[in-house]
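Colleague: Handing over structure-v7.pdb, PDB, C-alpha atoms and all ligand atoms.
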ATOM      1  CA  MET Q  11     -32.115   0.384  37.394
ATOM      2  CA  GLN Q  12     -30.003   3.308  38.541
ATOM      3  CA  LYS Q  13     -28.526   5.399  35.733
ATOM      4  CA  PRO Q  14     -24.857   4.434  35.243
ATOM      5  CA  PHE Q  15     -22.187   7.005  36.018
ATOM      6  CA  LEU Q  16     -19.690   5.624  33.530
ATOM      7  CA  THR Q  17     -20.366   3.699  30.338
ATOM      8  CA  ALA Q  18     -17.907   2.468  27.704
ATOM      9  CA  GLN Q  19     -19.235   0.894  24.538
ATOM     10  CA  ASN Q  20     -17.282  -1.154  22.047
ATOM     11  CA  LEU Q  21     -14.157   0.741  22.942
ATOM     12  CA  LYS Q  22     -11.172   0.176  20.661
ATOM     13  CA  ARG Q  23      -7.682   1.623  20.760
ATOM     14  CA  ASP Q  24      -5.070   0.755  18.161
ATOM     15  CA  TYR Q  25      -1.504   1.966  18.467
ATOM     16  CA  HIS Q  26       0.124   2.644  15.119
ATOM     17  CA  GLY Q  27       3.433   3.960  16.459
ATOM     18  CA  GLY Q  28       5.690   0.902  16.164
ATOM     19  CA  PRO Q  29       6.521  -1.584  13.382
ATOM     20  CA  VAL Q  30       3.219  -3.411  13.946
ATOM     21  CA  VAL Q  31      -0.234  -2.154  14.822
ATOM     22  CA  VAL Q  32      -1.157  -3.065  18.393
ATOM     23  CA  ASN Q  33      -4.852  -3.562  19.064
ATOM     24  CA  ALA Q  34      -4.617  -2.695  22.739
ATOM     25  CA  LEU Q  35      -8.391  -2.598  23.261
ATOM     26  CA  ARG Q  36     -10.581  -4.587  20.915
ATOM     27  CA  GLY Q  37     -14.094  -3.704  21.969
ATOM     28  CA  VAL Q  38     -14.449  -3.117  25.677
ATOM     29  CA  ASP Q  39     -17.896  -2.631  27.205
ATOM     30  CA  LEU Q  40     -18.386  -1.605  30.784
ATOM     31  CA  THR Q  41     -20.910   0.099  33.005
ATOM     32  CA  ILE Q  42     -20.199   1.523  36.438
ATOM     33  CA  ALA Q  43     -22.813   2.890  38.844
ATOM     34  CA  PRO Q  44     -22.396   6.165  40.767
ATOM     35  CA  GLY Q  45     -20.506   5.585  44.001
ATOM     36  CA  GLU Q  46     -19.331   2.166  42.920
ATOM     37  CA  ILE Q  47     -15.742   0.979  43.516
ATOM     38  CA  VAL Q  48     -14.540  -1.233  40.689
ATOM     39  CA  ALA Q  49     -11.208  -3.050  40.532
ATOM     40  CA  LEU Q  50      -9.732  -3.636  37.068
ATOM     41  CA  SER Q  51      -7.414  -6.615  36.748
ATOM     42  CA  GLY Q  52      -5.744  -8.451  33.901
ATOM     43  CA  PRO Q  53      -2.272  -9.579  32.863
ATOM     44  CA  SER Q  54       0.477  -7.164  31.923
ATOM     45  CA  GLY Q  55      -0.166  -5.785  28.422
ATOM     46  CA  SER Q  56      -3.906  -6.486  28.538
ATOM     47  CA  GLY Q  57      -4.757  -2.805  28.098
ATOM     48  CA  LYS Q  58      -5.516  -1.676  31.635
ATOM     49  CA  THR Q  59      -3.512   1.542  31.457
ATOM     50  CA  THR Q  60      -4.844   2.216  27.961
ATOM     51  CA  LEU Q  61      -8.419   1.906  29.252
ATOM     52  CA  LEU Q  62      -7.736   4.129  32.241
ATOM     53  CA  ASN Q  63      -6.150   6.805  30.039
ATOM     54  CA  LEU Q  64      -9.180   6.801  27.742
ATOM     55  CA  VAL Q  65     -11.651   7.056  30.621
ATOM     56  CA  GLY Q  66      -9.553   9.836  32.156
ATOM     57  CA  GLY Q  67      -9.548  11.856  28.931
ATOM     58  CA  LEU Q  68      -5.751  11.590  28.571
ATOM     59  CA  ASP Q  69      -6.091   9.749  25.264
ATOM     60  CA  SER Q  70      -8.774   9.257  22.598
ATOM     61  CA  PRO Q  71     -10.170   5.938  21.395
ATOM     62  CA  THR Q  72      -9.802   4.679  17.844
ATOM     63  CA  SER Q  73     -13.539   3.986  17.979
ATOM     64  CA  GLY Q  74     -16.311   3.445  20.480
ATOM     65  CA  SER Q  75     -17.776   5.738  23.091
ATOM     66  CA  ILE Q  76     -17.257   6.731  26.700
ATOM     67  CA  THR Q  77     -19.942   8.520  28.678
ATOM     68  CA  VAL Q  78     -19.263   9.957  32.120
ATOM     69  CA  GLY Q  79     -22.259  11.532  33.843
ATOM     70  CA  ASP Q  80     -23.870  13.553  31.074
ATOM     71  CA  LEU Q  81     -20.679  13.931  29.047
ATOM     72  CA  GLU Q  82     -19.897  11.962  25.896
ATOM     73  CA  LEU Q  83     -16.121  12.368  25.821
ATOM     74  CA  ALA Q  84     -15.833  12.063  22.021
ATOM     75  CA  ASN Q  85     -18.004  15.165  21.628
ATOM     76  CA  LEU Q  86     -15.857  17.393  23.818
ATOM     77  CA  SER Q  87     -13.563  20.031  22.397
ATOM     78  CA  ASP Q  88      -9.930  19.970  23.572
ATOM     79  CA  ARG Q  89     -10.769  22.728  25.983
ATOM     80  CA  ALA Q  90     -13.811  20.918  27.392
ATOM     81  CA  LEU Q  91     -11.818  17.700  27.672
ATOM     82  CA  SER Q  92      -9.153  19.503  29.612
ATOM     83  CA  GLY Q  93     -11.887  20.873  31.894
ATOM     84  CA  TYR Q  94     -13.195  17.324  32.323
ATOM     85  CA  ARG Q  95      -9.718  16.087  33.334
ATOM     86  CA  ASN Q  96      -9.324  18.944  35.752
ATOM     87  CA  ARG Q  97     -12.753  19.037  37.388
ATOM     88  CA  THR Q  98     -14.313  15.590  37.086
ATOM     89  CA  VAL Q  99     -11.347  13.227  37.266
ATOM     90  CA  GLY Q 100      -8.775  12.544  39.950
ATOM     91  CA  PHE Q 101      -5.927  10.435  38.564
ATOM     92  CA  VAL Q 102      -3.445   8.522  40.710
ATOM     93  CA  PHE Q 103      -0.623   7.444  38.403
ATOM     94  CA  GLN Q 104       1.342   4.252  38.607
ATOM     95  CA  ASN Q 105       4.552   5.899  39.813
ATOM     96  CA  HIS Q 106       2.730   8.768  41.505
ATOM     97  CA  ASN Q 107       4.268  11.385  39.149
ATOM     98  CA  LEU Q 108       5.001  13.738  42.026
ATOM     99  CA  LEU Q 109       7.289  16.592  41.057
ATOM    100  CA  PRO Q 110      10.552  16.079  42.972
ATOM    101  CA  HIS Q 111      11.513  19.730  43.358
ATOM    102  CA  LEU Q 112       8.169  20.796  44.832
ATOM    103  CA  THR Q 113       7.144  20.200  48.436
ATOM    104  CA  VAL Q 114       4.332  17.838  49.323
ATOM    105  CA  VAL Q 115       1.794  20.622  49.815
ATOM    106  CA  GLU Q 116       2.882  22.335  46.578
ATOM    107  CA  ASN Q 117       2.470  19.065  44.653
ATOM    108  CA  ILE Q 118      -1.102  18.787  45.905
ATOM    109  CA  ALA Q 119      -1.848  22.455  45.170
ATOM    110  CA  LEU Q 120      -0.455  22.383  41.637
ATOM    111  CA  PRO Q 121      -3.559  21.062  39.794
ATOM    112  CA  LEU Q 122      -5.658  23.629  41.650
ATOM    113  CA  LEU Q 123      -3.332  26.401  40.487
ATOM    114  CA  VAL Q 124      -3.592  25.042  36.952
ATOM    115  CA  ALA Q 125      -7.377  25.296  37.393
ATOM    116  CA  GLU Q 126      -6.795  28.988  38.187
ATOM    117  CA  ILE Q 127      -7.698  28.771  41.849
ATOM    118  CA  PRO Q 128      -5.906  31.625  43.653
ATOM    119  CA  TYR Q 129      -2.643  30.688  45.371
ATOM    120  CA  THR Q 130      -3.770  31.106  48.991
ATOM    121  CA  ALA Q 131      -6.988  29.155  48.486
ATOM    122  CA  ALA Q 132      -5.143  26.389  46.612
ATOM    123  CA  LEU Q 133      -2.612  26.042  49.434
ATOM    124  CA  GLU Q 134      -5.394  25.988  52.022
ATOM    125  CA  THR Q 135      -7.277  23.231  50.199
ATOM    126  CA  ALA Q 136      -4.032  21.300  49.718
ATOM    127  CA  ALA Q 137      -3.308  21.525  53.452
ATOM    128  CA  GLU Q 138      -6.838  20.313  54.283
ATOM    129  CA  VAL Q 139      -6.650  17.287  52.060
ATOM    130  CA  LEU Q 140      -3.134  16.547  53.324
ATOM    131  CA  ASP Q 141      -4.563  16.529  56.830
ATOM    132  CA  TRP Q 142      -7.309  14.213  55.601
ATOM    133  CA  VAL Q 143      -4.703  11.640  54.473
ATOM    134  CA  GLY Q 144      -2.853  12.065  57.772
ATOM    135  CA  LEU Q 145       0.336  13.697  56.511
ATOM    136  CA  THR Q 146       0.220  17.243  57.846
ATOM    137  CA  ASP Q 147       3.628  16.713  59.440
ATOM    138  CA  ARG Q 148       5.156  16.004  56.005
ATOM    139  CA  ARG Q 149       3.773  19.173  54.435
ATOM    140  CA  ASP Q 150       7.138  20.734  53.555
ATOM    141  CA  PHE Q 151       8.999  17.518  52.695
ATOM    142  CA  ARG Q 152      10.057  16.721  49.127
ATOM    143  CA  PRO Q 153       8.645  13.539  47.553
ATOM    144  CA  GLY Q 154      12.106  11.906  47.760
ATOM    145  CA  GLU Q 155      11.923  12.163  51.543
ATOM    146  CA  LEU Q 156       8.736  10.090  51.810
ATOM    147  CA  SER Q 157       8.158   6.363  52.178
ATOM    148  CA  GLY Q 158       6.312   4.605  49.348
ATOM    149  CA  GLY Q 159       3.110   4.531  51.375
ATOM    150  CA  GLN Q 160       3.364   8.224  52.198
ATOM    151  CA  ALA Q 161       4.026   9.103  48.552
ATOM    152  CA  GLY Q 162       0.942   7.079  47.638
ATOM    153  CA  ARG Q 163      -1.136   9.071  50.108
ATOM    154  CA  VAL Q 164       0.217  12.347  48.717
ATOM    155  CA  ALA Q 165      -0.648  11.228  45.171
ATOM    156  CA  LEU Q 166      -4.120  10.324  46.413
ATOM    157  CA  ALA Q 167      -4.453  13.684  48.166
ATOM    158  CA  ARG Q 168      -3.481  15.476  44.953
ATOM    159  CA  ALA Q 169      -6.111  13.500  43.032
ATOM    160  CA  LEU Q 170      -8.775  14.283  45.649
ATOM    161  CA  ALA Q 171      -7.997  17.989  46.088
ATOM    162  CA  SER Q 172     -10.306  19.029  43.264
ATOM    163  CA  ASN Q 173     -13.139  16.944  44.755
ATOM    164  CA  PRO Q 174     -13.421  14.693  41.680
ATOM    165  CA  LYS Q 175     -16.506  12.673  40.858
ATOM    166  CA  LEU Q 176     -14.336   9.934  39.371
ATOM    167  CA  LEU Q 177     -11.138   8.532  40.861
ATOM    168  CA  LEU Q 178      -8.849   6.549  38.567
ATOM    169  CA  GLY Q 179      -5.883   4.668  39.989
ATOM    170  CA  ASP Q 180      -3.214   2.720  38.096
ATOM    171  CA  GLU Q 181      -1.450   0.030  40.171
ATOM    172  CA  ILE Q 182      -1.460   2.423  43.092
ATOM    173  CA  ILE Q 183      -0.641  -0.085  45.783
ATOM    174  CA  GLY Q 184       1.625  -2.226  43.614
ATOM    175  CA  ASN Q 185       4.857  -1.836  45.557
ATOM    176  CA  LEU Q 186       3.426  -1.265  49.005
ATOM    177  CA  ASP Q 187       3.336  -3.556  51.989
ATOM    178  CA  SER Q 188      -0.134  -4.656  53.030
ATOM    179  CA  VAL Q 189      -0.507  -2.150  55.867
ATOM    180  CA  ALA Q 190       0.374   0.859  53.689
ATOM    181  CA  GLY Q 191      -1.863  -0.498  50.935
ATOM    182  CA  GLU Q 192      -4.749  -0.941  53.322
ATOM    183  CA  VAL Q 193      -4.408   2.637  54.563
ATOM    184  CA  ILE Q 194      -4.828   3.873  50.996
ATOM    185  CA  LEU Q 195      -7.766   1.590  50.240
ATOM    186  CA  ASN Q 196      -9.486   2.667  53.461
ATOM    187  CA  LEU Q 197      -9.019   6.323  52.552
ATOM    188  CA  ILE Q 198     -10.575   5.746  49.125
ATOM    189  CA  ARG Q 199     -13.496   3.833  50.613
ATOM    190  CA  ARG Q 200     -14.071   6.606  53.157
ATOM    191  CA  ARG Q 201     -14.076   9.252  50.459
ATOM    192  CA  VAL Q 202     -16.526   7.255  48.341
ATOM    193  CA  THR Q 203     -18.849   6.955  51.337
ATOM    194  CA  GLU Q 204     -18.569  10.662  52.108
ATOM    195  CA  THR Q 205     -18.923  12.085  48.593
ATOM    196  CA  ASN Q 206     -20.415   9.290  46.433
ATOM    197  CA  MET Q 207     -17.313   9.468  44.246
ATOM    198  CA  THR Q 208     -16.954   6.583  41.760
ATOM    199  CA  ALA Q 209     -13.637   4.717  41.597
ATOM    200  CA  LEU Q 210     -11.928   2.549  39.001
ATOM    201  CA  ILE Q 211      -8.714   1.074  40.345
ATOM    202  CA  VAL Q 212      -6.278  -1.049  38.328
ATOM    203  CA  SER Q 213      -4.590  -3.756  40.358
ATOM    204  CA  HIS Q 214      -3.269  -7.313  40.280
ATOM    205  CA  ASP Q 215      -3.587  -7.543  44.031
ATOM    206  CA  PRO Q 216      -6.293  -9.912  45.320
ATOM    207  CA  ALA Q 217      -6.631  -7.607  48.330
ATOM    208  CA  VAL Q 218      -7.876  -4.866  46.000
ATOM    209  CA  ALA Q 219     -10.345  -7.206  44.301
ATOM    210  CA  ASN Q 220     -11.563  -8.197  47.724
ATOM    211  CA  TRP Q 221     -11.957  -4.601  48.831
ATOM    212  CA  ALA Q 222     -13.754  -3.411  45.688
ATOM    213  CA  ASP Q 223     -17.491  -3.722  45.126
ATOM    214  CA  ARG Q 224     -16.830  -5.539  41.868
ATOM    215  CA  THR Q 225     -13.908  -6.677  39.729
ATOM    216  CA  LEU Q 226     -13.591  -6.372  35.962
ATOM    217  CA  HIS Q 227     -11.095  -8.535  34.097
ATOM    218  CA  LEU Q 228      -9.392  -7.565  30.888
ATOM    219  CA  HIS Q 229      -8.110 -10.661  29.106
ATOM    220  CA  ASP Q 230      -7.662 -12.423  25.771
ATOM    221  CA  GLY Q 231      -5.376  -9.644  24.668
ATOM    222  CA  ALA Q 232      -7.875  -7.105  25.942
ATOM    223  CA  THR Q 233     -10.740  -8.381  23.834
ATOM    224  CA  ARG Q 234     -13.279  -8.716  26.575
ATOM    225  CA  CYS Q 235     -14.113  -6.990  29.777
ATOM    226  CA  VAL Q 236     -16.534  -8.878  31.955
ATOM    227  CA  ALA Q 237     -17.898  -8.541  35.436
ATOM    228  CA  SER Q 238     -16.506 -11.485  37.345
ATOM    229  CA  GLN Q 239     -17.393 -10.938  40.916
ATOM    230  CA  THR Q 240     -19.976  -9.024  42.819
ATOM    231  CA  ARG Q 241     -19.804  -8.456  46.520
ATOM    232  CA  GLU Q 242     -23.029  -7.724  48.344
TER     233      GLU Q 242
HETATM  234  P1  LIG Q 301      -1.375  -2.881  30.854
HETATM  235  O1  LIG Q 301      -1.525  -1.584  31.555
HETATM  236  O2  LIG Q 301      -2.531  -3.812  31.069
HETATM  237  O3  LIG Q 301      -0.088  -3.560  31.186
HETATM  238  P2  LIG Q 301      -1.159  -1.254  28.444
HETATM  239  O4  LIG Q 301      -2.461  -0.575  28.312
HETATM  240  O5  LIG Q 301      -0.032  -0.456  28.988
HETATM  241  O6  LIG Q 301      -1.351  -2.615  29.276
HETATM  242  O7  LIG Q 301      -0.715  -1.815  27.026
HETATM  243  C1  LIG Q 301      -1.564  -2.589  26.211
HETATM  244  C2  LIG Q 301      -0.848  -2.946  24.915
HETATM  245  O8  LIG Q 301      -0.669  -1.767  24.145
HETATM  246  C3  LIG Q 301       0.530  -3.543  25.102
HETATM  247  O9  LIG Q 301       0.694  -4.548  24.138
HETATM  248  C4  LIG Q 301       1.478  -2.402  24.868
HETATM  249  O10 LIG Q 301       2.684  -2.829  24.328
HETATM  250  C5  LIG Q 301       0.707  -1.552  23.862
HETATM  251  N1  LIG Q 301       0.972  -0.112  24.013
HETATM  252  C6  LIG Q 301       0.706   0.648  25.103
HETATM  253  N2  LIG Q 301       1.032   1.931  24.900
HETATM  254  C7  LIG Q 301       1.518   1.989  23.632
HETATM  255  C8  LIG Q 301       2.031   3.042  22.789
HETATM  256  N3  LIG Q 301       2.070   4.302  23.218
HETATM  257  N4  LIG Q 301       2.415   2.720  21.531
HETATM  258  C9  LIG Q 301       2.356   1.442  21.070
HETATM  259  N5  LIG Q 301       1.888   0.420  21.816
HETATM  260  C10 LIG Q 301       1.475   0.678  23.053
HETATM  261 MG    MG Q 302      -0.384  -0.632  32.964
END
Show me the file's structure as structure tokens.
Modeller:
Amino acid sequence: MQKPFLTAQNLKRDYHGGPVVVNALRGVDLTIAPGEIVALSGPSGSGKTTLLNLVGGLDSPTSGSITVGDLELANLSDRALSGYRNRTVGFVFQNHNLLPHLTVVENIALPLLVAEIPYTAALETAAEVLDWVGLTDRRDFRPGELSGGQAGRVALARALASNPKLLLGDEIIGNLDSVAGEVILNLIRRRVTETNMTALIVSHDPAVANWADRTLHLHDGATRCVASQTRE
């Protein structure tokens, strides 16, 4: 069998912030192959965002392990984890998280600048990936001047600009009509084909489950994560 790209073992995440402890993840196991597109579904509150944040290195588990490529995330220093987020992962957030005062091309360039890529090169790469998602003519618009579908493509472009090995998306086509959603899914599929990127995409939408290679369900209050469907 092919070596997995992503493995999570007995992953648990408890939140102690509020009046009661919330066991958001109670022992999730999953394995994803390189170049695989996996949809992650489950009811609201089942721990989908929590799982995505852990895999993306934005949060640390209470216990359990996550391995991505050759990296065991628990063993990484803060600095190495930040490098992992910056170089390995492309994250498309639920509400896009585009910065309203920056232009489209500046939004896409920002993570590259954070990664200390020189300004001119960062802008060039941002313009290329913007062209790739078909929005060159919106380059100098602000996010508030875009449609939902266009903002989704910009958020995708920003996630792809660093050429990530792993794309994580949280409800990224949630509020879009089916045509705009399909454009985004097609772009992700194309990128996976071109670069063998691996993708884990949270969605309730049956269209996403249908598009993905496989769907994982979080349920029973996030106690189990099972493969439910395989498309050949
Ligand atoms: P989903 O994305 O599937 O809707 P989440 O991962 O956002 O689910 O949340 C899972 C559970 O963890 C929920 O019960 C939620 O209330 C709780 N939760 C999420 N984030 C926090 C937090 N920062 N502090 C306390 N509880 C949280
Ligand atoms: Mg969520």
Colleague: The PyMOL selection byres (((chain Q and resi 166-178) around 7) and not hetatm) - which residues does that actually catch in the file I just gave you? List them as a list in words.
Modeller: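 Residues picked by the PyMOL selection byres (((chain Q and resi 166-178) around 7) and not hetatm): Leu62, Arg97, Thr98, Val99, Gly100, Phe101, Val102, Asn117, Ile118, Leu122, Thr135, Ala136, Val139, Leu140, Val143, Gly162, Arg163, Val164, Ala165, Gly179, Asp180, Met207, Thr208, Ala209, Leu210 and Ile211 of chain Q.
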Colleague: Pick out the closest residue to Q:Asn63 from this set: Q:Leu81, Q:Ile127, Q:Leu133, Q:Val212. Count all atoms listed in the file.
Modeller: Q:Val212
Colleague: Evaluate the PyMOL selection byres (((not hetatm)) within 9 of (chain Q and resi 301)) here and jot the selected residues down as a PyMOL selection string.
Modeller: chain Q and resi 23-28+30-35+51-63+180-181+212+228+231-232
Colleague: So, with all atoms listed in the file as the atoms that count, which of Q:Ile194, Q:Ala90, Q:Leu50, Q:Ile42 lies closest to ligand MG 302 (chain Q)?
Modeller: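 Of all the options, Q:Leu50 lies closest to ligand MG 302 (chain Q).
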Colleague: I want to know what sits within 8 Å of Q:Val78, based on only C-alpha atoms, with residues of the same chain fewer than 4 positions away left out; could you give that as a PyMOL selection string?
Modeller: chain Q and resi 15-17+82-83
Colleague: Atom CA of Q:Ala131 and atom CA of Q:Thr113, how far apart in Å?
Modeller: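 Separation between atom CA of Q:Thr113 and atom CA of Q:Ala131: 16.7 Å.
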Colleague: Can you work out which one of Q:Lys13, Q:Arg36, Q:Arg89, Q:His214 has the shortest atom-to-atom distance to ligand MG 302 (chain Q), counting all atoms listed in the file?
Modeller: Q:His214
Colleague: What does the distance between atom CA of Q:Arg95 and atom CA of Q:Glu155 come to in Å, to one decimal place?
Modeller: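 Atom CA of Q:Glu155 lies at a distance of 28.6 Å from atom CA of Q:Arg95.
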Colleague: Just the number, please: distance in Å from atom CA of Q:Ala18 to atom CA of Q:Pro71, one decimal.
Modeller: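 These two atoms are separated by 10.6 Å.
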Colleague: With only C-alpha atoms as the atoms that count, which of Q:Val189, Q:Ala125, Q:Leu91, Q:Val115 lies nearest to Q:Leu68?
Modeller: Q:Leu91
Colleague: Between Q:Pro44, Q:Gly184, Q:Pro216, Q:Gly144, which one has atoms that come closest to ligand MG 302 (chain Q), using all atoms listed in the file?
Modeller: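 Closest candidate: Q:Gly184.
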Colleague: Write out as a VMD selection string each polymer residue whose atoms come within 6 Å of Q:Val48, counting all atoms listed in the file; drop sequence neighbours fewer than 2 positions from it.
Modeller: chain Q and resid 210 222 to 225
Colleague: Running the PyMOL selection byres (((chain Q and resi 37) around 8) and not hetatm) on this model by hand, what would come out? Give it as JSON, numbers by chain.
Modeller: {"Q": [19, 20, 21, 22, 35, 36, 38, 39, 74, 233, 234]}
Colleague: List the residues sitting within 12 Å of (5.4, -0.5, 53.4) in the file's frame, using all atoms listed in the file, as a list in words.
Modeller: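 The requested residues, written out, are Leu156, Ser157, Gly158, Gly159, Gln160, Ala161, Gly162, Ile183, Gly184, Asn185, Leu186, Asp187, Ser188, Val189, Ala190, Gly191, Glu192, Val193 and Ile194 of chain Q.
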Colleague: Pull C-alpha atoms from the residues just selected and write them as a compact mmCIF listing (two decimals), keeping the file's coordinate frame.
Modeller:
# COMPACT_ATOMS: atom_id res chain seq x y z
CA LEU Q 156 8.74 10.09 51.81
CA SER Q 157 8.16 6.36 52.18
CA GLY Q 158 6.31 4.61 49.35
CA GLY Q 159 3.11 4.53 51.38
CA GLN Q 160 3.36 8.22 52.20
CA ALA Q 161 4.03 9.10 48.55
CA GLY Q 162 0.94 7.08 47.64
CA ILE Q 183 -0.64 -0.08 45.78
CA GLY Q 184 1.62 -2.23 43.61
CA ASN Q 185 4.86 -1.84 45.56
CA LEU Q 186 3.43 -1.26 49.00
CA ASP Q 187 3.34 -3.56 51.99
CA SER Q 188 -0.13 -4.66 53.03
CA VAL Q 189 -0.51 -2.15 55.87
CA ALA Q 190 0.37 0.86 53.69
CA GLY Q 191 -1.86 -0.50 50.94
CA GLU Q 192 -4.75 -0.94 53.32
CA VAL Q 193 -4.41 2.64 54.56
CA ILE Q 194 -4.83 3.87 51.00
Colleague: Have a look at Q:Ser75, Q:Thr203, Q:Asn105, Q:Pro121 and name the one nearest to ligand MG 302 (chain Q); count only C-alpha atoms and all ligand atoms.
Modeller: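 When distances to ligand MG 302 (chain Q) are compared using only C-alpha atoms and all ligand atoms, the smallest one comes from Q:Asn105.
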Colleague: May I have the centre and edge lengths, in Å to one decimal, of an axis-aligned box around the listed atoms of stretch 194-204 of chain Q with 5 Å added to every side, as AutoDock Vina command-line options?
Modeller:
--center_x -11.8 --center_y 6.1 --center_z 50.9 --size_x 24.0 --size_y 19.1 --size_z 15.1
